[in-house]
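With mmCIF, C-alpha atoms inside, this is input_22.cif:
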```
data_final
#
loop_
_atom_site.group_PDB
_atom_site.id
_atom_site.type_symbol
_atom_site.label_atom_id
_atom_site.label_comp_id
_atom_site.auth_asym_id
_atom_site.auth_seq_id
_atom_site.Cartn_x
_atom_site.Cartn_y
_atom_site.Cartn_z
ATOM 1 C CA ALA A 1 38.667 -11.533 -71.259
ATOM 2 C CA ARG A 2 37.925 -11.766 -67.567
ATOM 3 C CA ASN A 3 34.158 -11.991 -68.166
ATOM 4 C CA THR A 4 34.590 -15.321 -69.973
ATOM 5 C CA LEU A 5 36.489 -16.933 -67.085
ATOM 6 C CA PRO A 6 34.668 -18.891 -64.351
ATOM 7 C CA GLY A 7 36.559 -17.023 -61.613
ATOM 8 C CA GLY A 8 36.971 -13.812 -63.579
ATOM 9 C CA PHE A 9 39.689 -12.464 -61.238
ATOM 10 C CA THR A 10 37.028 -11.581 -58.628
ATOM 11 C CA SER A 11 35.914 -13.103 -55.324
ATOM 12 C CA ASP A 12 32.260 -12.934 -56.465
ATOM 13 C CA GLY A 13 33.118 -14.839 -59.630
ATOM 14 C CA LEU A 14 34.910 -17.520 -57.640
ATOM 15 C CA LYS A 15 32.035 -17.754 -55.147
ATOM 16 C CA ASN A 16 29.503 -18.084 -57.962
ATOM 17 C CA TYR A 17 31.544 -20.847 -59.562
ATOM 18 C CA GLY A 18 31.899 -22.639 -56.215
ATOM 19 C CA LEU A 19 28.165 -22.588 -55.481
ATOM 20 C CA LEU A 20 27.014 -23.450 -59.007
ATOM 21 C CA SER A 21 29.465 -26.343 -59.414
ATOM 22 C CA ASN A 22 29.055 -27.690 -55.863
ATOM 23 C CA TYR A 23 32.656 -26.645 -55.209
ATOM 24 C CA GLY A 24 33.944 -28.223 -58.376
ATOM 25 C CA GLN A 25 32.324 -31.590 -57.659
ATOM 26 C CA GLU A 26 29.940 -31.270 -60.627
ATOM 27 C CA SER A 27 30.339 -30.054 -64.210
ATOM 28 C CA LEU A 28 28.269 -26.957 -64.984
ATOM 29 C CA GLU A 29 27.756 -28.214 -68.540
ATOM 30 C CA GLN A 30 26.059 -31.371 -67.265
ATOM 31 C CA LEU A 31 23.626 -29.691 -64.870
ATOM 32 C CA LYS A 32 19.998 -29.392 -65.934
ATOM 33 C CA SER A 33 18.790 -25.824 -66.462
ATOM 34 C CA ARG A 34 16.294 -26.164 -63.583
ATOM 35 C CA GLU A 35 19.080 -27.078 -61.175
ATOM 36 C CA VAL A 36 21.236 -24.215 -62.442
ATOM 37 C CA ARG A 37 18.356 -21.782 -61.797
ATOM 38 C CA ARG A 38 17.880 -23.194 -58.296
ATOM 39 C CA ARG A 39 21.555 -22.746 -57.501
ATOM 40 C CA ARG A 40 21.549 -19.234 -58.924
ATOM 41 C CA ARG A 41 18.793 -18.357 -56.463
ATOM 42 C CA GLN A 42 21.121 -19.518 -53.701
ATOM 43 C CA LEU A 43 23.550 -16.805 -54.746
ATOM 44 C CA ASP A 44 21.016 -14.220 -53.581
ATOM 45 C CA ASP A 45 20.362 -15.972 -50.262
ATOM 46 C CA GLU A 46 22.334 -13.939 -47.731
ATOM 47 C CA THR A 47 22.030 -16.732 -45.144
ATOM 48 C CA ASN A 48 23.698 -19.266 -47.443
ATOM 49 C CA GLN A 49 26.886 -17.477 -48.462
ATOM 50 C CA PRO A 50 30.139 -19.472 -48.305
ATOM 51 C CA TYR A 51 33.506 -18.158 -47.212
ATOM 52 C CA VAL A 52 35.516 -16.698 -50.096
ATOM 53 C CA ASP A 53 38.793 -14.834 -50.347
ATOM 54 C CA LEU A 54 41.000 -13.464 -53.117
ATOM 55 C CA PHE A 55 44.563 -12.216 -52.784
ATOM 56 C CA SER A 56 46.656 -10.590 -55.496
ATOM 57 C CA LYS A 57 50.150 -9.302 -56.170
ATOM 58 C CA ARG A 58 51.284 -6.972 -58.891
ATOM 59 C CA ILE A 59 54.285 -8.388 -60.718
ATOM 60 C CA SER A 60 57.154 -6.761 -62.570
ATOM 61 C CA ASP A 61 57.071 -5.952 -66.277
ATOM 62 C CA GLU A 62 59.657 -8.685 -66.861
ATOM 63 C CA CYS A 63 57.630 -11.289 -65.000
ATOM 64 C CA SER A 64 54.437 -10.259 -66.783
ATOM 65 C CA ASP A 65 56.172 -10.458 -70.170
ATOM 66 C CA HIS A 66 57.430 -13.932 -69.280
ATOM 67 C CA LEU A 67 53.907 -15.138 -68.435
ATOM 68 C CA LYS A 68 52.477 -13.543 -71.587
ATOM 69 C CA SER A 69 55.037 -15.435 -73.653
ATOM 70 C CA GLN A 70 53.851 -18.783 -72.303
ATOM 71 C CA GLU A 71 51.286 -20.868 -74.170
ATOM 72 C CA SER A 72 49.507 -21.436 -70.844
ATOM 73 C CA PRO A 73 50.431 -18.901 -68.132
ATOM 74 C CA SER A 74 48.130 -20.721 -65.704
ATOM 75 C CA ASP A 75 50.347 -23.820 -65.916
ATOM 76 C CA SER A 76 53.357 -21.664 -65.024
ATOM 77 C CA LEU A 77 51.471 -20.319 -62.008
ATOM 78 C CA ALA A 78 50.482 -23.789 -60.803
ATOM 79 C CA ARG A 79 54.026 -25.142 -61.154
ATOM 80 C CA ALA A 80 55.342 -22.123 -59.228
ATOM 81 C CA PHE A 81 52.619 -22.430 -56.572
ATOM 82 C CA PHE A 82 53.054 -26.127 -55.834
ATOM 83 C CA GLY A 83 56.829 -26.020 -56.364
ATOM 84 C CA SER A 84 57.532 -23.102 -54.050
ATOM 85 C CA LYS A 85 59.470 -23.313 -50.803
ATOM 86 C CA HIS A 86 56.433 -21.851 -49.063
ATOM 87 C CA PHE A 87 54.291 -24.828 -50.113
ATOM 88 C CA MET A 88 56.995 -27.414 -49.391
ATOM 89 C CA PRO A 89 55.955 -28.270 -45.782
ATOM 90 C CA GLU A 90 52.395 -29.056 -46.900
ATOM 91 C CA ARG A 91 53.730 -31.061 -49.832
ATOM 92 C CA ILE A 92 55.995 -33.092 -47.530
ATOM 93 C CA ILE A 93 53.040 -33.934 -45.274
ATOM 94 C CA LEU A 94 50.619 -34.840 -48.082
ATOM 95 C CA THR A 95 52.973 -36.777 -50.383
ATOM 96 C CA PRO A 96 53.250 -39.997 -48.275
ATOM 97 C CA ILE A 97 49.463 -40.063 -47.837
ATOM 98 C CA HIS A 98 48.831 -39.918 -51.579
ATOM 99 C CA LEU A 99 51.688 -42.275 -52.387
ATOM 100 C CA LEU A 100 49.935 -44.901 -50.266
ATOM 101 C CA SER A 101 46.498 -44.265 -51.752
ATOM 102 C CA GLY A 102 47.768 -44.108 -55.333
ATOM 103 C CA GLU A 103 44.754 -42.001 -56.257
ATOM 104 C CA SER A 104 46.616 -38.912 -57.402
ATOM 105 C CA SER A 105 50.005 -37.791 -58.680
ATOM 106 C CA THR A 106 52.681 -36.700 -56.239
ATOM 107 C CA SER A 107 54.833 -35.167 -58.993
ATOM 108 C CA ILE A 108 54.070 -31.683 -60.285
ATOM 109 C CA PRO A 109 52.981 -32.038 -63.929
ATOM 110 C CA SER A 110 54.386 -29.795 -66.644
ATOM 111 C CA SER A 111 50.827 -29.202 -67.842
ATOM 112 C CA PHE A 112 47.656 -29.416 -65.747
ATOM 113 C CA ARG A 113 44.731 -30.944 -67.644
ATOM 114 C CA LEU A 114 41.077 -31.145 -66.673
ATOM 115 C CA LYS A 115 40.476 -33.875 -64.068
ATOM 116 C CA ASP A 116 44.214 -34.206 -63.342
ATOM 117 C CA ARG A 117 44.869 -34.808 -59.645
ATOM 118 C CA PHE A 118 47.904 -33.536 -57.800
ATOM 119 C CA LEU A 119 47.945 -34.482 -54.124
ATOM 120 C CA GLN A 120 44.688 -33.087 -52.670
ATOM 121 C CA TRP A 121 43.737 -30.974 -55.708
ATOM 122 C CA THR A 122 41.762 -31.855 -58.863
ATOM 123 C CA VAL A 123 41.667 -29.578 -61.916
ATOM 124 C CA VAL A 124 38.035 -28.646 -62.559
ATOM 125 C CA SER A 125 38.419 -25.585 -64.796
ATOM 126 C CA LYS A 126 41.286 -24.500 -67.001
ATOM 127 C CA SER A 127 42.021 -21.640 -69.372
ATOM 128 C CA PRO A 128 45.353 -20.059 -70.360
ATOM 129 C CA LEU A 129 44.863 -17.377 -67.682
ATOM 130 C CA GLU A 130 43.117 -19.300 -64.893
ATOM 131 C CA LEU A 131 43.182 -22.668 -63.147
ATOM 132 C CA ILE A 132 40.581 -23.777 -60.611
ATOM 133 C CA PHE A 133 41.143 -26.840 -58.432
ATOM 134 C CA SER A 134 38.622 -28.624 -56.230
ATOM 135 C CA TRP A 135 39.491 -30.360 -52.975
ATOM 136 C CA GLN A 136 37.739 -32.069 -50.084
ATOM 137 C CA VAL A 137 38.791 -33.036 -46.566
ATOM 138 C CA THR A 138 36.061 -34.998 -44.709
ATOM 139 C CA ASN A 139 32.960 -32.768 -44.963
ATOM 140 C CA VAL A 140 34.849 -29.575 -45.838
ATOM 141 C CA LYS A 141 35.239 -28.883 -49.534
ATOM 142 C CA GLY A 142 36.219 -25.944 -51.663
ATOM 143 C CA VAL A 143 37.829 -24.579 -54.790
ATOM 144 C CA THR A 144 41.180 -22.841 -55.176
ATOM 145 C CA MET A 145 41.934 -20.446 -58.023
ATOM 146 C CA LEU A 146 45.261 -19.359 -59.524
ATOM 147 C CA ALA A 147 45.062 -16.672 -62.198
ATOM 148 C CA PHE A 148 46.985 -14.054 -64.181
ATOM 149 C CA ASP A 149 45.525 -10.755 -65.419
ATOM 150 C CA PRO A 150 47.883 -9.458 -68.131
ATOM 151 C CA ALA A 151 46.092 -6.099 -68.332
ATOM 152 C CA LEU A 152 46.718 -5.284 -64.661
ATOM 153 C CA GLN A 153 49.946 -7.307 -64.395
ATOM 154 C CA LYS A 154 48.561 -9.099 -61.357
ATOM 155 C CA VAL A 155 48.525 -12.716 -60.227
ATOM 156 C CA TYR A 156 45.806 -14.095 -57.962
ATOM 157 C CA HIS A 157 45.233 -16.808 -55.397
ATOM 158 C CA GLY A 158 41.657 -17.294 -54.209
ATOM 159 C CA ASN A 159 39.603 -19.816 -52.256
ATOM 160 C CA CYS A 160 35.918 -20.576 -51.787
ATOM 161 C CA ILE A 161 35.023 -22.987 -48.983
ATOM 162 C CA ASN A 162 31.667 -24.495 -47.971
ATOM 163 C CA ILE A 163 31.751 -22.824 -44.575
ATOM 164 C CA LYS A 164 28.915 -20.357 -44.124
ATOM 165 C CA GLU A 165 30.000 -16.799 -43.416
ATOM 166 C CA GLU A 166 27.722 -16.637 -40.369
ATOM 167 C CA ALA A 167 29.594 -19.585 -38.822
ATOM 168 C CA LEU A 168 32.777 -17.509 -38.836
ATOM 169 C CA ASP A 169 31.437 -15.405 -35.954
ATOM 170 C CA LYS A 170 32.373 -18.243 -33.609
ATOM 171 C CA PRO A 171 35.750 -17.605 -31.922
ATOM 172 C CA LEU A 172 37.485 -20.817 -33.032
ATOM 173 C CA ALA A 173 36.259 -20.461 -36.617
ATOM 174 C CA ALA A 174 37.346 -16.821 -36.692
ATOM 175 C CA ILE A 175 40.841 -17.766 -35.533
ATOM 176 C CA GLY A 176 41.005 -20.547 -38.125
ATOM 177 C CA ILE A 177 40.052 -18.186 -40.948
ATOM 178 C CA ARG A 178 42.602 -15.581 -39.821
ATOM 179 C CA LEU A 179 45.314 -18.249 -39.938
ATOM 180 C CA HIS A 180 44.026 -19.422 -43.334
ATOM 181 C CA LYS A 181 44.267 -15.873 -44.736
ATOM 182 C CA VAL A 182 47.831 -15.457 -43.507
ATOM 183 C CA TYR A 183 48.768 -18.824 -45.015
ATOM 184 C CA ALA A 184 47.014 -18.067 -48.318
ATOM 185 C CA GLU A 185 48.936 -14.807 -48.712
ATOM 186 C CA PHE A 186 52.133 -16.644 -47.748
ATOM 187 C CA LEU A 187 51.489 -19.198 -50.516
ATOM 188 C CA LEU A 188 50.801 -16.411 -53.022
ATOM 189 C CA ALA A 189 54.117 -14.773 -52.131
ATOM 190 C CA GLY A 190 55.817 -18.146 -52.537
ATOM 191 C CA MET A 191 54.310 -18.584 -55.993
ATOM 192 C CA VAL A 192 55.489 -15.147 -57.092
ATOM 193 C CA SER A 193 58.992 -15.795 -55.750
ATOM 194 C CA GLU A 194 59.249 -18.847 -58.038
ATOM 195 C CA LEU A 195 58.361 -16.894 -61.184
ATOM 196 C CA PRO A 196 61.167 -15.422 -63.344
ATOM 197 C CA SER A 197 62.003 -11.738 -62.701
ATOM 198 C CA THR A 198 60.375 -11.622 -59.296
ATOM 199 C CA LYS A 199 60.669 -7.945 -58.423
ATOM 200 C CA THR A 200 57.126 -7.199 -57.321
ATOM 201 C CA ASN A 201 55.104 -4.110 -56.599
ATOM 202 C CA ILE A 202 52.225 -3.767 -54.146
#
```
Would you mind writing the structure in this file as structure tokens?
Amino acid sequence: ARNTLPGGFTSDGLKNYGLLSNYGQESLEQLKSREVRRRRRQLDDETNQPYVDLFSKRISDECSDHLKSQESPSDSLARAFFGSKHFMPERIILTPIHLLSGESSTSIPSSFRLKDRFLQWTVVSKSPLELIFSWQVTNVKGVTMLAFDPALQKVYHGNCINIKEEALDKPLAAIGIRLHKVYAEFLLAGMVSELPSTKTNI
């Protein structure tokens, strides 16, 4: 059920997970209850809200049935996401960097396990219907979610980034976020195009 998932197919769920887990850098299970309460208070602080987005596409009956038949639909989504033609330019750029560092895999795994690293992304939460990855570039960090809701026949791609919403009022930041949104939807479309039976509905 969606209520048992960290992201829960909602932008609020993803934002809550991002803030409570320090954008996937810390395990919620290992946090002391006092720290969890402190971070929960942050969720109500309107001046401390991070950027979050969530995009979805309804998929065909055939595609939904295919995902339902998989032991772990979230693995199928991740393989389609990172293996899509839409993601290929980013993969080409990042692969040499991570080949040199040797800190993460440059090959898409058949199954994504907790703490697995693929290029820039580390698996920090996994269920059959949802995968959440953490990532960090200099002082910018965030979490990325891929999910499948069998009830609504929808797949999701969402992001929560440690950039305060109020900072997005600045012209350069606003332009950057607009480009990010276009790219995020482009990547979602690429993921869907890699899934079997890809006739989609809006």
Requested in this report: May I have the residues within 12 Å of stretch 59-69 of chain A as a PyMOL selection string, using only C-alpha atoms and disregarding those fewer than 4 positions away in the same chain?
Outcome: chain A and resi 73-77+80+128-129+147-156+188-189+191-202
Query - For A:Val123: contacts at 9 Å, only C-alpha atoms, fewer than 5 positions along chain excluded, given as a PyMOL selection string - result: chain A and resi 24+112-118+131-134
Query raised in the report: So how far away is atom CA of A:Thr47 from atom CA of A:Thr138, in Å?
Result: 23.0 Å
Requested in this report: Name every residue that the PyMOL selection byres ((chain A and resi 105) around 9) selects in this structure, writing the answer as number ranges by chain with chains first and numbers rising.
Outcome: A: 95, 98-99, 102-104, 106-109, 116-119
Report task. Can you give me, as a PyMOL selection string, the residues this file yields under the PyMOL selection byres ((chain A and resi 187) around 10)? Result -> chain A and resi 80-82+84-88+157+181-186+188-193
Report task. Determine the residue set returned by the PyMOL selection byres ((chain A and resi 162) around 9) for the present structure, and present it as a PyMOL selection string. Result -> chain A and resi 18-19+22-23+49-52+139-142+160-161+163-164
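Of the listed residues (A:Glu35, A:Asp12, A:Asp53, A:Glu46), A:Asp53 comes nearest to A:Asn159; the distances count only C-alpha atoms.
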Query - Coordinates-based distance that separates atom CA of A:Trp121 from atom CA of A:Pro96 (Å, one decimal) - result: 15.1 Å
Query raised in the report: In Å, with one decimal, what is the gap from atom CA of A:Arg91 to atom CA of A:Arg79?
Result: 12.8 Å
Requested in this report: Rank nothing, just name the residue among A:Leu94, A:Ser21, A:Ser101, A:Gly8 nearest to A:Val36, using only C-alpha atoms.
Outcome: A:Ser21
Report task. Give the answer as one residue: which of A:Gly158, A:Glu130, A:Leu5, A:Arg41 has the shortest atom-to-atom distance to A:Val143, using all atoms listed in the file? Result -> A:Gly158
Find the axis-aligned box for stretch 80-87 of chain A, covering all its listed atoms and adding 5 Å on each side, and write its centre and edge lengths in Å to one decimal as AutoDock Vina command-line options.
```
--center_x 56.0 --center_y -24.0 --center_z -54.1 --size_x 16.9 --size_y 14.3 --size_z 20.2
```
**Report entry** Which of A:Leu43, A:Val124, A:Val137, A:Leu146 sits closest to A:Thr10 [using all atoms listed in the file]
**Finding:** A:Leu146
